[in-house]
$ cat protein.pdb   # PDB, C-alpha atoms and all ligand atoms
MODEL        1
ATOM      1  CA  MET A 979     -11.949 -13.093 -28.706
ATOM      2  CA  LYS A 980      -8.748 -12.608 -26.702
ATOM      3  CA  VAL A 981      -7.692  -9.104 -25.664
ATOM      4  CA  ASP A 982      -4.330  -8.607 -23.960
ATOM      5  CA  PHE A 983      -5.009  -5.511 -21.872
ATOM      6  CA  HIS A 984      -1.554  -5.168 -20.288
ATOM      7  CA  THR A 985       1.204  -4.660 -22.894
ATOM      8  CA  HIS A 986       3.828  -1.958 -23.282
ATOM      9  CA  PHE A 987       5.041   0.166 -26.171
ATOM     10  CA  ILE A 988       7.817   2.740 -26.610
ATOM     11  CA  PRO A 989       8.630   4.699 -29.771
ATOM     12  CA  GLN A 990      11.980   3.720 -31.307
ATOM     13  CA  GLN A 991      12.787   7.414 -31.785
ATOM     14  CA  PHE A 992      12.728   8.359 -28.123
ATOM     15  CA  PRO A 993      14.104  11.871 -27.530
ATOM     16  CA  ASP A 994      16.857  12.677 -25.035
ATOM     17  CA  MET A 995      14.971  15.180 -22.892
ATOM     18  CA  GLY A 996      17.948  15.709 -20.563
ATOM     19  CA  GLU A 997      20.016  16.977 -23.474
ATOM     20  CA  LYS A 998      17.267  19.375 -24.509
ATOM     21  CA  TYR A 999      15.987  20.588 -21.127
ATOM     22  CA  GLY A1000      18.679  19.583 -18.619
ATOM     23  CA  GLY A1001      18.095  17.492 -15.523
ATOM     24  CA  GLU A1002      19.576  14.153 -14.494
ATOM     25  CA  GLY A1003      17.973  10.755 -14.799
ATOM     26  CA  TRP A1004      15.471  11.164 -17.625
ATOM     27  CA  PRO A1005      14.392   7.898 -19.226
ATOM     28  CA  THR A1006      16.410   7.396 -22.422
ATOM     29  CA  LEU A1007      16.571   4.776 -25.143
ATOM     30  CA  LEU A1008      19.909   3.823 -26.723
ATOM     31  CA  GLN A1009      19.984   1.633 -29.816
ATOM     32  CA  ALA A1010      22.010  -1.546 -29.281
ATOM     33  CA  GLY A1011      21.692  -3.050 -32.770
ATOM     34  CA  PRO A1012      19.111  -3.117 -35.538
ATOM     35  CA  CYS A1013      16.370  -4.725 -33.396
ATOM     36  CA  GLN A1014      17.543  -4.023 -29.857
ATOM     37  CA  ALA A1015      17.816  -1.080 -27.507
ATOM     38  CA  ASP A1016      18.590  -0.322 -23.867
ATOM     39  CA  ILE A1017      16.374   1.750 -21.606
ATOM     40  CA  TYR A1018      18.183   3.865 -19.035
ATOM     41  CA  HIS A1019      16.291   5.375 -16.116
ATOM     42  CA  ALA A1020      17.510   7.434 -13.134
ATOM     43  CA  GLY A1021      21.033   7.187 -14.532
ATOM     44  CA  LYS A1022      21.087   3.370 -14.538
ATOM     45  CA  HIS A1023      20.520   0.615 -17.076
ATOM     46  CA  TYR A1024      16.885  -0.379 -16.654
ATOM     47  CA  ARG A1025      16.100  -2.952 -19.324
ATOM     48  CA  ARG A1026      17.228  -4.400 -22.660
ATOM     49  CA  ILE A1027      14.284  -4.370 -25.057
ATOM     50  CA  ASP A1028      13.798  -5.377 -28.678
ATOM     51  CA  ASP A1029      11.652  -4.460 -31.665
ATOM     52  CA  ARG A1030       8.568  -6.044 -30.051
ATOM     53  CA  SER A1031       8.452  -2.857 -27.941
ATOM     54  CA  TRP A1032       8.080  -0.506 -30.924
ATOM     55  CA  ASP A1033       7.239  -2.425 -34.089
ATOM     56  CA  PRO A1034       3.499  -3.037 -34.612
ATOM     57  CA  GLU A1035       4.137  -5.518 -37.461
ATOM     58  CA  ARG A1036       6.352  -7.660 -35.225
ATOM     59  CA  ARG A1037       3.684  -7.553 -32.515
ATOM     60  CA  LEU A1038       1.004  -8.669 -34.953
ATOM     61  CA  LYS A1039       3.100 -11.754 -35.804
ATOM     62  CA  ASP A1040       3.417 -12.636 -32.095
ATOM     63  CA  MET A1041      -0.290 -11.991 -31.528
ATOM     64  CA  ASP A1042      -1.187 -14.329 -34.390
ATOM     65  CA  ALA A1043       1.193 -17.010 -33.050
ATOM     66  CA  GLU A1044      -0.305 -16.789 -29.533
ATOM     67  CA  GLY A1045      -3.956 -16.354 -30.504
ATOM     68  CA  ILE A1046      -4.354 -12.739 -29.366
ATOM     69  CA  ASP A1047      -6.961 -10.746 -31.302
ATOM     70  CA  VAL A1048      -6.310  -7.335 -29.747
ATOM     71  CA  GLN A1049      -3.462  -5.765 -27.794
ATOM     72  CA  VAL A1050      -3.888  -2.665 -25.651
ATOM     73  CA  LEU A1051      -0.693  -0.594 -25.988
ATOM     74  CA  SER A1052       0.405   1.494 -23.029
ATOM     75  CA  PRO A1053       3.644   3.373 -22.267
ATOM     76  CA  ILE A1054       6.459   1.868 -20.178
ATOM     77  CA  PRO A1055       5.942   3.233 -16.622
ATOM     78  CA  VAL A1056       9.540   4.582 -16.291
ATOM     79  CA  THR A1057       8.597   7.085 -19.015
ATOM     80  CA  PHE A1058       5.905   8.791 -16.845
ATOM     81  CA  ALA A1059       8.687  11.133 -15.588
ATOM     82  CA  TYR A1060       6.437  12.841 -13.016
ATOM     83  CA  ARG A1061       9.408  14.379 -11.193
ATOM     84  CA  PHE A1062      10.642  16.477 -14.125
ATOM     85  CA  SER A1063       9.498  19.890 -15.358
ATOM     86  CA  ALA A1064       5.916  19.560 -16.527
ATOM     87  CA  GLN A1065       6.341  21.432 -19.797
ATOM     88  CA  ALA A1066       9.126  19.060 -20.888
ATOM     89  CA  VAL A1067       7.119  16.041 -19.711
ATOM     90  CA  LEU A1068       4.083  17.273 -21.626
ATOM     91  CA  GLU A1069       6.241  17.329 -24.769
ATOM     92  CA  LEU A1070       7.447  13.779 -24.072
ATOM     93  CA  ALA A1071       3.896  12.597 -23.330
ATOM     94  CA  GLN A1072       2.604  14.102 -26.566
ATOM     95  CA  LEU A1073       5.370  12.422 -28.524
ATOM     96  CA  GLN A1074       4.566   9.048 -26.927
ATOM     97  CA  ASN A1075       0.824   9.486 -27.359
ATOM     98  CA  ASP A1076       1.244  10.393 -31.034
ATOM     99  CA  ALA A1077       3.491   7.331 -31.513
ATOM    100  CA  ILE A1078       0.954   5.028 -29.831
ATOM    101  CA  ALA A1079      -1.851   6.448 -31.969
ATOM    102  CA  ASN A1080       0.336   5.864 -35.044
ATOM    103  CA  ALA A1081       1.030   2.262 -34.043
ATOM    104  CA  THR A1082      -2.678   1.555 -33.530
ATOM    105  CA  SER A1083      -3.399   3.004 -36.978
ATOM    106  CA  VAL A1084      -1.280   0.221 -38.541
ATOM    107  CA  ALA A1085      -4.050  -2.232 -37.577
ATOM    108  CA  PRO A1086      -7.008  -0.406 -36.021
ATOM    109  CA  THR A1087      -8.951  -3.626 -35.402
ATOM    110  CA  ARG A1088      -5.983  -5.242 -33.604
ATOM    111  CA  PHE A1089      -4.642  -2.430 -31.396
ATOM    112  CA  ILE A1090      -6.186  -0.071 -28.838
ATOM    113  CA  GLY A1091      -3.998   2.687 -27.348
ATOM    114  CA  LEU A1092      -3.612   4.184 -23.875
ATOM    115  CA  GLY A1093      -1.473   7.313 -23.464
ATOM    116  CA  THR A1094       0.444   9.103 -20.715
ATOM    117  CA  VAL A1095      -0.011  12.557 -19.138
ATOM    118  CA  PRO A1096       2.142  14.975 -17.069
ATOM    119  CA  LEU A1097       0.191  14.243 -13.901
ATOM    120  CA  GLN A1098       2.435  16.518 -11.788
ATOM    121  CA  VAL A1099       0.454  19.462 -13.240
ATOM    122  CA  PRO A1100      -3.187  18.323 -13.246
ATOM    123  CA  ASP A1101      -4.387  21.040 -15.653
ATOM    124  CA  LEU A1102      -1.808  19.993 -18.260
ATOM    125  CA  ALA A1103      -2.703  16.334 -17.630
ATOM    126  CA  ALA A1104      -6.378  17.166 -18.147
ATOM    127  CA  ALA A1105      -5.638  18.938 -21.436
ATOM    128  CA  GLU A1106      -3.500  16.043 -22.686
ATOM    129  CA  VAL A1107      -6.011  13.312 -21.768
ATOM    130  CA  ARG A1108      -8.604  15.336 -23.665
ATOM    131  CA  ARG A1109      -6.318  15.571 -26.727
ATOM    132  CA  ALA A1110      -5.341  11.887 -26.491
ATOM    133  CA  VAL A1111      -8.957  10.715 -26.463
ATOM    134  CA  THR A1112     -10.742  13.258 -28.647
ATOM    135  CA  SER A1113      -8.035  14.029 -31.257
ATOM    136  CA  LEU A1114      -5.843  10.910 -31.288
ATOM    137  CA  GLY A1115      -8.559   8.322 -30.667
ATOM    138  CA  LEU A1116      -6.827   6.669 -27.700
ATOM    139  CA  ALA A1117      -9.121   4.857 -25.233
ATOM    140  CA  GLY A1118      -7.609   6.566 -22.197
ATOM    141  CA  VAL A1119      -4.338   6.788 -20.257
ATOM    142  CA  GLU A1120      -2.012   4.793 -18.050
ATOM    143  CA  ILE A1121      -0.843   6.498 -14.819
ATOM    144  CA  GLY A1122       1.329   5.680 -11.797
ATOM    145  CA  THR A1123       0.050   5.132  -8.258
ATOM    146  CA  GLN A1124       1.675   8.230  -6.849
ATOM    147  CA  VAL A1125       2.621  11.618  -8.202
ATOM    148  CA  GLU A1126       5.625  13.023  -6.391
ATOM    149  CA  GLY A1127       4.404  11.875  -2.986
ATOM    150  CA  LYS A1128       0.759  12.690  -3.678
ATOM    151  CA  ASN A1129      -1.767   9.866  -3.665
ATOM    152  CA  LEU A1130      -4.304   9.610  -6.436
ATOM    153  CA  ASP A1131      -7.089  10.886  -4.176
ATOM    154  CA  ASP A1132      -5.267  14.211  -3.649
ATOM    155  CA  PRO A1133      -7.746  17.082  -4.233
ATOM    156  CA  ALA A1134      -5.262  18.750  -6.607
ATOM    157  CA  LEU A1135      -5.930  15.976  -9.143
ATOM    158  CA  GLU A1136      -9.658  16.756  -9.424
ATOM    159  CA  PRO A1137      -9.369  18.608 -12.796
ATOM    160  CA  PHE A1138      -7.713  15.507 -14.255
ATOM    161  CA  TRP A1139     -10.363  13.072 -12.924
ATOM    162  CA  ARG A1140     -13.179  15.373 -14.033
ATOM    163  CA  THR A1141     -11.798  15.492 -17.564
ATOM    164  CA  CYS A1142     -11.350  11.693 -17.648
ATOM    165  CA  VAL A1143     -15.038  11.305 -16.824
ATOM    166  CA  GLU A1144     -16.040  14.023 -19.288
ATOM    167  CA  VAL A1145     -14.174  12.587 -22.286
ATOM    168  CA  GLY A1146     -14.821   8.955 -21.244
ATOM    169  CA  ALA A1147     -11.144   8.062 -20.756
ATOM    170  CA  ALA A1148     -10.335   4.660 -19.276
ATOM    171  CA  VAL A1149      -7.509   4.821 -16.717
ATOM    172  CA  PHE A1150      -4.991   2.020 -16.132
ATOM    173  CA  VAL A1151      -3.302   2.362 -12.692
ATOM    174  CA  HIS A1152      -0.984   0.499 -10.371
ATOM    175  CA  PRO A1153      -2.388  -0.222  -6.857
ATOM    176  CA  ALA A1154      -3.204   2.774  -4.669
ATOM    177  CA  VAL A1155      -5.546   3.815  -1.919
ATOM    178  CA  MET A1156      -8.845   5.224  -3.114
ATOM    179  CA  SER A1157     -10.590   7.202  -0.411
ATOM    180  CA  GLY A1158     -13.740   8.895  -1.592
ATOM    181  CA  LEU A1159     -12.555   9.336  -5.195
ATOM    182  CA  LEU A1160     -15.215   6.973  -6.507
ATOM    183  CA  ASP A1161     -17.873   8.582  -4.300
ATOM    184  CA  ARG A1162     -17.121  11.781  -6.186
ATOM    185  CA  HIS A1163     -16.775  10.141  -9.625
ATOM    186  CA  PRO A1164     -18.785   6.896  -9.660
ATOM    187  CA  THR A1165     -18.537   6.569 -13.444
ATOM    188  CA  LEU A1166     -14.732   6.843 -13.524
ATOM    189  CA  ARG A1167     -13.241   3.736 -15.167
ATOM    190  CA  LEU A1168     -10.075   2.586 -13.344
ATOM    191  CA  CYS A1169      -8.151  -0.637 -13.915
ATOM    192  CA  PHE A1170      -5.350  -1.678 -11.548
ATOM    193  CA  ALA A1171      -2.371  -3.712 -12.698
ATOM    194  CA  HIS A1172      -1.368  -7.088 -11.238
ATOM    195  CA  GLY A1173      -4.759  -7.969  -9.785
ATOM    196  CA  GLY A1174      -4.714  -4.813  -7.657
ATOM    197  CA  GLY A1175      -1.584  -5.945  -5.773
ATOM    198  CA  THR A1176      -2.401  -6.674  -2.121
ATOM    199  CA  PHE A1177      -5.613  -4.624  -2.247
ATOM    200  CA  PRO A1178      -8.128  -7.498  -2.748
ATOM    201  CA  TRP A1179      -6.455  -9.473   0.055
ATOM    202  CA  LEU A1180      -6.671  -6.456   2.405
ATOM    203  CA  LEU A1181     -10.378  -5.760   1.795
ATOM    204  CA  PRO A1182     -11.724  -7.523   4.931
ATOM    205  CA  ARG A1183      -9.391  -5.422   7.090
ATOM    206  CA  LEU A1184     -10.350  -2.241   5.223
ATOM    207  CA  ASP A1185     -14.042  -3.099   5.759
ATOM    208  CA  GLN A1186     -13.384  -3.605   9.465
ATOM    209  CA  THR A1187     -11.630  -0.225   9.626
ATOM    210  CA  TRP A1188     -14.550   1.414   7.833
ATOM    211  CA  ARG A1189     -17.041  -0.131  10.279
ATOM    212  CA  ALA A1190     -15.006   0.869  13.327
ATOM    213  CA  PHE A1191     -14.179   4.499  12.567
ATOM    214  CA  ASP A1192     -16.733   7.225  11.891
ATOM    215  CA  ASP A1193     -14.104   9.532  10.326
ATOM    216  CA  VAL A1194     -13.404   6.879   7.671
ATOM    217  CA  LYS A1195     -17.150   6.573   7.010
ATOM    218  CA  ALA A1196     -17.292  10.351   6.636
ATOM    219  CA  VAL A1197     -14.785  10.183   3.755
ATOM    220  CA  THR A1198     -16.479   7.335   1.915
ATOM    221  CA  ALA A1199     -20.110   6.327   2.360
ATOM    222  CA  ASN A1200     -19.534   2.863   0.900
ATOM    223  CA  ARG A1201     -17.856  -0.197   2.316
ATOM    224  CA  PRO A1202     -14.376  -0.674   0.719
ATOM    225  CA  SER A1203     -15.304  -4.153  -0.537
ATOM    226  CA  GLU A1204     -18.324  -2.646  -2.337
ATOM    227  CA  THR A1205     -16.265   0.207  -3.813
ATOM    228  CA  ALA A1206     -13.687  -2.377  -4.932
ATOM    229  CA  LYS A1207     -16.343  -3.862  -7.213
ATOM    230  CA  LEU A1208     -16.567  -0.579  -9.141
ATOM    231  CA  LEU A1209     -12.934  -0.971 -10.193
ATOM    232  CA  SER A1210     -11.297  -3.316 -12.689
ATOM    233  CA  TYR A1211      -8.123  -5.368 -12.262
ATOM    234  CA  ASP A1212      -5.845  -7.122 -14.674
ATOM    235  CA  THR A1213      -5.305 -10.856 -14.155
ATOM    236  CA  LEU A1214      -1.492 -10.820 -14.187
ATOM    237  CA  THR A1215      -0.997 -12.729 -10.913
ATOM    238  CA  TYR A1216       0.516 -15.953 -12.360
ATOM    239  CA  ASP A1217      -1.426 -18.113  -9.925
ATOM    240  CA  LEU A1218      -4.692 -20.084  -9.773
ATOM    241  CA  MET A1219      -5.256 -19.454  -6.056
ATOM    242  CA  ASN A1220      -4.827 -15.701  -6.538
ATOM    243  CA  MET A1221      -7.262 -15.805  -9.451
ATOM    244  CA  ARG A1222      -9.880 -17.642  -7.374
ATOM    245  CA  LEU A1223      -9.591 -15.017  -4.634
ATOM    246  CA  LEU A1224     -10.037 -12.248  -7.214
ATOM    247  CA  ILE A1225     -13.078 -13.941  -8.746
ATOM    248  CA  ASP A1226     -14.713 -14.703  -5.368
ATOM    249  CA  ARG A1227     -14.043 -11.288  -3.909
ATOM    250  CA  LEU A1228     -14.509  -8.987  -6.915
ATOM    251  CA  GLY A1229     -16.405 -11.003  -9.529
ATOM    252  CA  ALA A1230     -15.263 -12.287 -12.933
ATOM    253  CA  GLU A1231     -16.858  -9.227 -14.546
ATOM    254  CA  ARG A1232     -14.196  -6.954 -12.963
ATOM    255  CA  LEU A1233     -11.181  -8.937 -14.250
ATOM    256  CA  ILE A1234      -9.277  -8.152 -17.427
ATOM    257  CA  MET A1235      -6.634 -10.370 -18.999
ATOM    258  CA  GLY A1236      -3.181  -8.785 -19.418
ATOM    259  CA  SER A1237       0.271 -10.300 -19.946
ATOM    260  CA  ASP A1238       2.957  -7.547 -19.681
ATOM    261  CA  TYR A1239       4.080  -8.298 -23.260
ATOM    262  CA  PRO A1240       6.902  -8.035 -24.341
ATOM    263  CA  PHE A1241       8.747  -8.056 -21.021
ATOM    264  CA  PRO A1242      10.541 -10.974 -19.310
ATOM    265  CA  LEU A1243       7.869 -11.391 -16.601
ATOM    266  CA  ARG A1244       5.098 -11.774 -19.157
ATOM    267  CA  GLU A1245       2.535 -14.569 -18.997
ATOM    268  CA  VAL A1246       2.996 -17.008 -21.890
ATOM    269  CA  PRO A1247       0.646 -17.542 -23.590
ATOM    270  CA  PRO A1248      -1.419 -14.546 -22.482
ATOM    271  CA  GLY A1249      -4.367 -15.756 -20.395
ATOM    272  CA  ALA A1250      -2.713 -19.075 -19.413
ATOM    273  CA  VAL A1251      -3.966 -18.856 -15.801
ATOM    274  CA  ILE A1252      -7.538 -18.117 -16.922
ATOM    275  CA  ASP A1253      -7.365 -21.052 -19.346
ATOM    276  CA  ALA A1254      -6.237 -23.324 -16.495
ATOM    277  CA  LEU A1255      -9.050 -22.333 -14.077
ATOM    278  CA  ASP A1256     -11.719 -24.981 -13.431
ATOM    279  CA  GLY A1257     -15.385 -24.342 -12.871
ATOM    280  CA  LEU A1258     -15.813 -21.179 -14.938
ATOM    281  CA  SER A1259     -18.830 -20.705 -17.156
ATOM    282  CA  HIS A1260     -18.169 -20.091 -20.841
ATOM    283  CA  LYS A1261     -19.335 -16.503 -20.327
ATOM    284  CA  GLU A1262     -17.052 -15.836 -17.355
ATOM    285  CA  ARG A1263     -14.039 -17.121 -19.291
ATOM    286  CA  ALA A1264     -14.892 -15.132 -22.445
ATOM    287  CA  ASP A1265     -15.506 -12.007 -20.333
ATOM    288  CA  MET A1266     -12.134 -12.222 -18.597
ATOM    289  CA  LEU A1267     -10.236 -13.100 -21.790
ATOM    290  CA  GLY A1268     -11.593 -10.231 -23.859
ATOM    291  CA  ARG A1269     -15.102  -8.834 -23.418
ATOM    292  CA  ASN A1270     -14.366  -7.089 -20.100
ATOM    293  CA  ALA A1271     -11.361  -5.294 -21.632
ATOM    294  CA  LEU A1272     -13.396  -3.989 -24.555
ATOM    295  CA  ARG A1273     -16.216  -2.910 -22.240
ATOM    296  CA  PHE A1274     -13.728  -1.181 -19.915
ATOM    297  CA  LEU A1275     -12.161   0.645 -22.864
ATOM    298  CA  GLY A1276     -15.535   1.611 -24.316
ATOM    299  CA  ARG A1277     -14.770  -0.301 -27.523
ATOM    300  CA  GLU A1278     -17.170  -3.246 -27.401
ATOM    301  CA  VAL A1279     -19.095  -2.033 -30.437
ATOM    302  CA  LEU A1280     -15.969  -1.852 -32.603
ATOM    303  CA  PHE A1281     -14.869  -5.484 -32.287
TER     304      PHE A1281
HETATM  305 ZN    ZN B1301       3.479  -3.690 -17.078
ENDMDL
END

$ encode --input "protein.pdb" --output "structure tokens" --more "lines below"
Ligand SMILES: [Zn+2]
Amino acid sequence: MKVDFHTHFIPQQFPDMGEKYGGEGWPTLLQAGPCQADIYHAGKHYRRIDDRSWDPERRLKDMDAEGIDVQVLSPIPVTFAYRFSAQAVLELAQLQNDAIANATSVAPTRFIGLGTVPLQVPDLAAAEVRRAVTSLGLAGVEIGTQVEGKNLDDPALEPFWRTCVEVGAAVFVHPAVMSGLLDRHPTLRLCFAHGGGTFPWLLPRLDQTWRAFDDVKAVTANRPSETAKLLSYDTLTYDLMNMRLLIDRLGAERLIMGSDYPFPLREVPPGAVIDALDGLSHKERADMLGRNALRFLGREVLF
């Protein structure tokens, strides 16, 4: 069973929010032919994409060709739009979340969806994660590492985290500092993109800081390297040495295969670095290639 946890999706009918609500630099999608489109973000061309980004049937063909059983669909991060008016962003998030739920319904045993929320207003984000999980059947949400200068451990975000725990939403994040958040919500399921960035490499220094300073210990009772093992990380690091560090430091059970399909930096075929690793048990390999993703998403019974 191979699950590609890190893939992106955008609806082909992507509204022009700037036209409707005003404001410069909204993410927009302009068709560039029958199967191609251009994403613009912050007033600049961001990326040329094709129908792999929005067409579930096309994705299924690629998945079959590359031996992928399940893809986890998440929004393209430039569409988070945290700096715009929350009411407009809620509308955009709902449209994306509905589209992702629709795409998963094309092949419910092959796709799992993650949505997006207007995190700049935590109460609206909480309401939308609840709708996404309980009404649309998404497994959780994807969020950025920062919300308009606020880190993810900002107290203002508590209503959002509480609701994620309450509805059992999995959360896919880019690297960020986690101080005390997991002390408050030990059952929160967070997965960081790109092997957690530099975070796993920094853990010995963070442990040393924790040991040396009582005020750091006051914020979090647990050693950073222990807390790190409560989190999950995707394996998109392109490199055997990086993968060995992740396995040694965090454990194979915390690692989730993801490829960044369909973008140019994607790993081809998905899971190539895991396949190339020596010395793994059959279980460790199967866990990283698929079982850990399903467990993280709360979907292990369905597949
Ligand atoms: Zn990505």

$ resolve_selection --input "protein.pdb" --expression "the PyMOL selection byres (((chain A and resi 1168) around 7) and not hetatm)" --output "mmCIF file with C-alpha atoms, keeping the file's coordinate frame"
data_model
loop_
_atom_site.group_PDB
_atom_site.id
_atom_site.type_symbol
_atom_site.label_atom_id
_atom_site.label_comp_id
_atom_site.auth_asym_id
_atom_site.auth_seq_id
_atom_site.Cartn_x
_atom_site.Cartn_y
_atom_site.Cartn_z
ATOM 1 C CA ALA A 1148 -10.335 4.660 -19.276
ATOM 2 C CA VAL A 1149 -7.509 4.821 -16.717
ATOM 3 C CA PHE A 1150 -4.991 2.020 -16.132
ATOM 4 C CA VAL A 1151 -3.302 2.362 -12.692
ATOM 5 C CA LEU A 1166 -14.732 6.843 -13.524
ATOM 6 C CA ARG A 1167 -13.241 3.736 -15.167
ATOM 7 C CA CYS A 1169 -8.151 -0.637 -13.915
ATOM 8 C CA PHE A 1170 -5.350 -1.678 -11.548
ATOM 9 C CA LEU A 1209 -12.934 -0.971 -10.193
ATOM 10 C CA SER A 1210 -11.297 -3.316 -12.689
#

$ residues_near_ligand --input "protein.pdb" --ligand "ligand ZN 1301 (chain B)" --cutoff "8 Å" --atoms "only C-alpha atoms and all ligand atoms" --output "list in words"
His984, Thr985, His986, Ile1054, Pro1055, Ala1171, Ser1237, Asp1238, Tyr1239 and Phe1241 of chain A

$ resolve_selection --input "protein.pdb" --expression "the PyMOL selection byres (((chain A and resi 1050) around 6) and not hetatm)" --output "list in words"
Phe983, Gln1049, Leu1051, Phe1089, Ile1090 and Gly1091 of chain A

$ write_last_selection --input "protein.pdb" --atoms "C-alpha atoms" --output "short mmCIF file (atom, residue, chain, number, x, y, z; two decimals), keeping the file's coordinate frame"
data_model
loop_
_atom_site.label_atom_id
_atom_site.label_comp_id
_atom_site.auth_asym_id
_atom_site.auth_seq_id
_atom_site.Cartn_x
_atom_site.Cartn_y
_atom_site.Cartn_z
CA PHE A 983 -5.01 -5.51 -21.87
CA GLN A 1049 -3.46 -5.76 -27.79
CA LEU A 1051 -0.69 -0.59 -25.99
CA PHE A 1089 -4.64 -2.43 -31.40
CA ILE A 1090 -6.19 -0.07 -28.84
CA GLY A 1091 -4.00 2.69 -27.35
#

$ residues_near_point --input "protein.pdb" --point "(-9.6, -12.0, -25.0)" --cutoff "8 Å" --atoms "all atoms listed in the file" --output "ChimeraX atom specification"
/A:979-982,1046-1048,1235,1249,1264-1269,1271

$ residues_around --input "protein.pdb" --residues "A:Glu1044" --least-positions-apart "2" --cutoff "8 Å" --atoms "all atoms listed in the file" --output "count of residues only"
6

$ build_atoms --input "protein.pdb" --residues "stretch 1134-1148 of chain A" --atoms "N, CA and C atoms" --output "PDB file, in the frame of the given file"
ATOM      1  N   ALA A1134      -5.865  18.016  -5.480  1.00  0.00           N
ATOM      2  CA  ALA A1134      -5.262  18.750  -6.607  1.00  0.00           C
ATOM      3  C   ALA A1134      -5.511  18.045  -7.943  1.00  0.00           C
ATOM      4  N   LEU A1135      -5.760  16.727  -7.893  1.00  0.00           N
ATOM      5  CA  LEU A1135      -5.930  15.976  -9.143  1.00  0.00           C
ATOM      6  C   LEU A1135      -7.354  16.038  -9.701  1.00  0.00           C
ATOM      7  N   GLU A1136      -8.254  16.714  -8.981  1.00  0.00           N
ATOM      8  CA  GLU A1136      -9.658  16.756  -9.424  1.00  0.00           C
ATOM      9  C   GLU A1136      -9.853  17.185 -10.880  1.00  0.00           C
ATOM     10  N   PRO A1137      -9.146  18.222 -11.380  1.00  0.00           N
ATOM     11  CA  PRO A1137      -9.369  18.608 -12.796  1.00  0.00           C
ATOM     12  C   PRO A1137      -9.068  17.453 -13.747  1.00  0.00           C
ATOM     13  N   PHE A1138      -8.056  16.658 -13.405  1.00  0.00           N
ATOM     14  CA  PHE A1138      -7.713  15.507 -14.255  1.00  0.00           C
ATOM     15  C   PHE A1138      -8.831  14.473 -14.228  1.00  0.00           C
ATOM     16  N   TRP A1139      -9.298  14.094 -13.014  1.00  0.00           N
ATOM     17  CA  TRP A1139     -10.363  13.072 -12.924  1.00  0.00           C
ATOM     18  C   TRP A1139     -11.629  13.552 -13.623  1.00  0.00           C
ATOM     19  N   ARG A1140     -11.962  14.827 -13.422  1.00  0.00           N
ATOM     20  CA  ARG A1140     -13.179  15.373 -14.033  1.00  0.00           C
ATOM     21  C   ARG A1140     -13.116  15.244 -15.551  1.00  0.00           C
ATOM     22  N   THR A1141     -11.935  15.561 -16.109  1.00  0.00           N
ATOM     23  CA  THR A1141     -11.798  15.492 -17.564  1.00  0.00           C
ATOM     24  C   THR A1141     -11.855  14.037 -18.045  1.00  0.00           C
ATOM     25  N   CYS A1142     -11.268  13.118 -17.268  1.00  0.00           N
ATOM     26  CA  CYS A1142     -11.350  11.693 -17.648  1.00  0.00           C
ATOM     27  C   CYS A1142     -12.805  11.260 -17.766  1.00  0.00           C
ATOM     28  N   VAL A1143     -13.616  11.669 -16.783  1.00  0.00           N
ATOM     29  CA  VAL A1143     -15.038  11.305 -16.824  1.00  0.00           C
ATOM     30  C   VAL A1143     -15.703  11.976 -18.027  1.00  0.00           C
ATOM     31  N   GLU A1144     -15.393  13.248 -18.228  1.00  0.00           N
ATOM     32  CA  GLU A1144     -16.040  14.023 -19.288  1.00  0.00           C
ATOM     33  C   GLU A1144     -15.756  13.453 -20.680  1.00  0.00           C
ATOM     34  N   VAL A1145     -14.490  13.089 -20.950  1.00  0.00           N
ATOM     35  CA  VAL A1145     -14.174  12.587 -22.286  1.00  0.00           C
ATOM     36  C   VAL A1145     -14.288  11.065 -22.370  1.00  0.00           C
ATOM     37  N   GLY A1146     -14.638  10.413 -21.233  1.00  0.00           N
ATOM     38  CA  GLY A1146     -14.821   8.955 -21.244  1.00  0.00           C
ATOM     39  C   GLY A1146     -13.512   8.188 -21.330  1.00  0.00           C
ATOM     40  N   ALA A1147     -12.453   8.729 -20.712  1.00  0.00           N
ATOM     41  CA  ALA A1147     -11.144   8.062 -20.756  1.00  0.00           C
ATOM     42  C   ALA A1147     -11.087   6.924 -19.741  1.00  0.00           C
ATOM     43  N   ALA A1148     -10.640   5.751 -20.192  1.00  0.00           N
ATOM     44  CA  ALA A1148     -10.335   4.660 -19.276  1.00  0.00           C
ATOM     45  C   ALA A1148      -8.964   4.925 -18.674  1.00  0.00           C
TER      46      ALA A1148
END
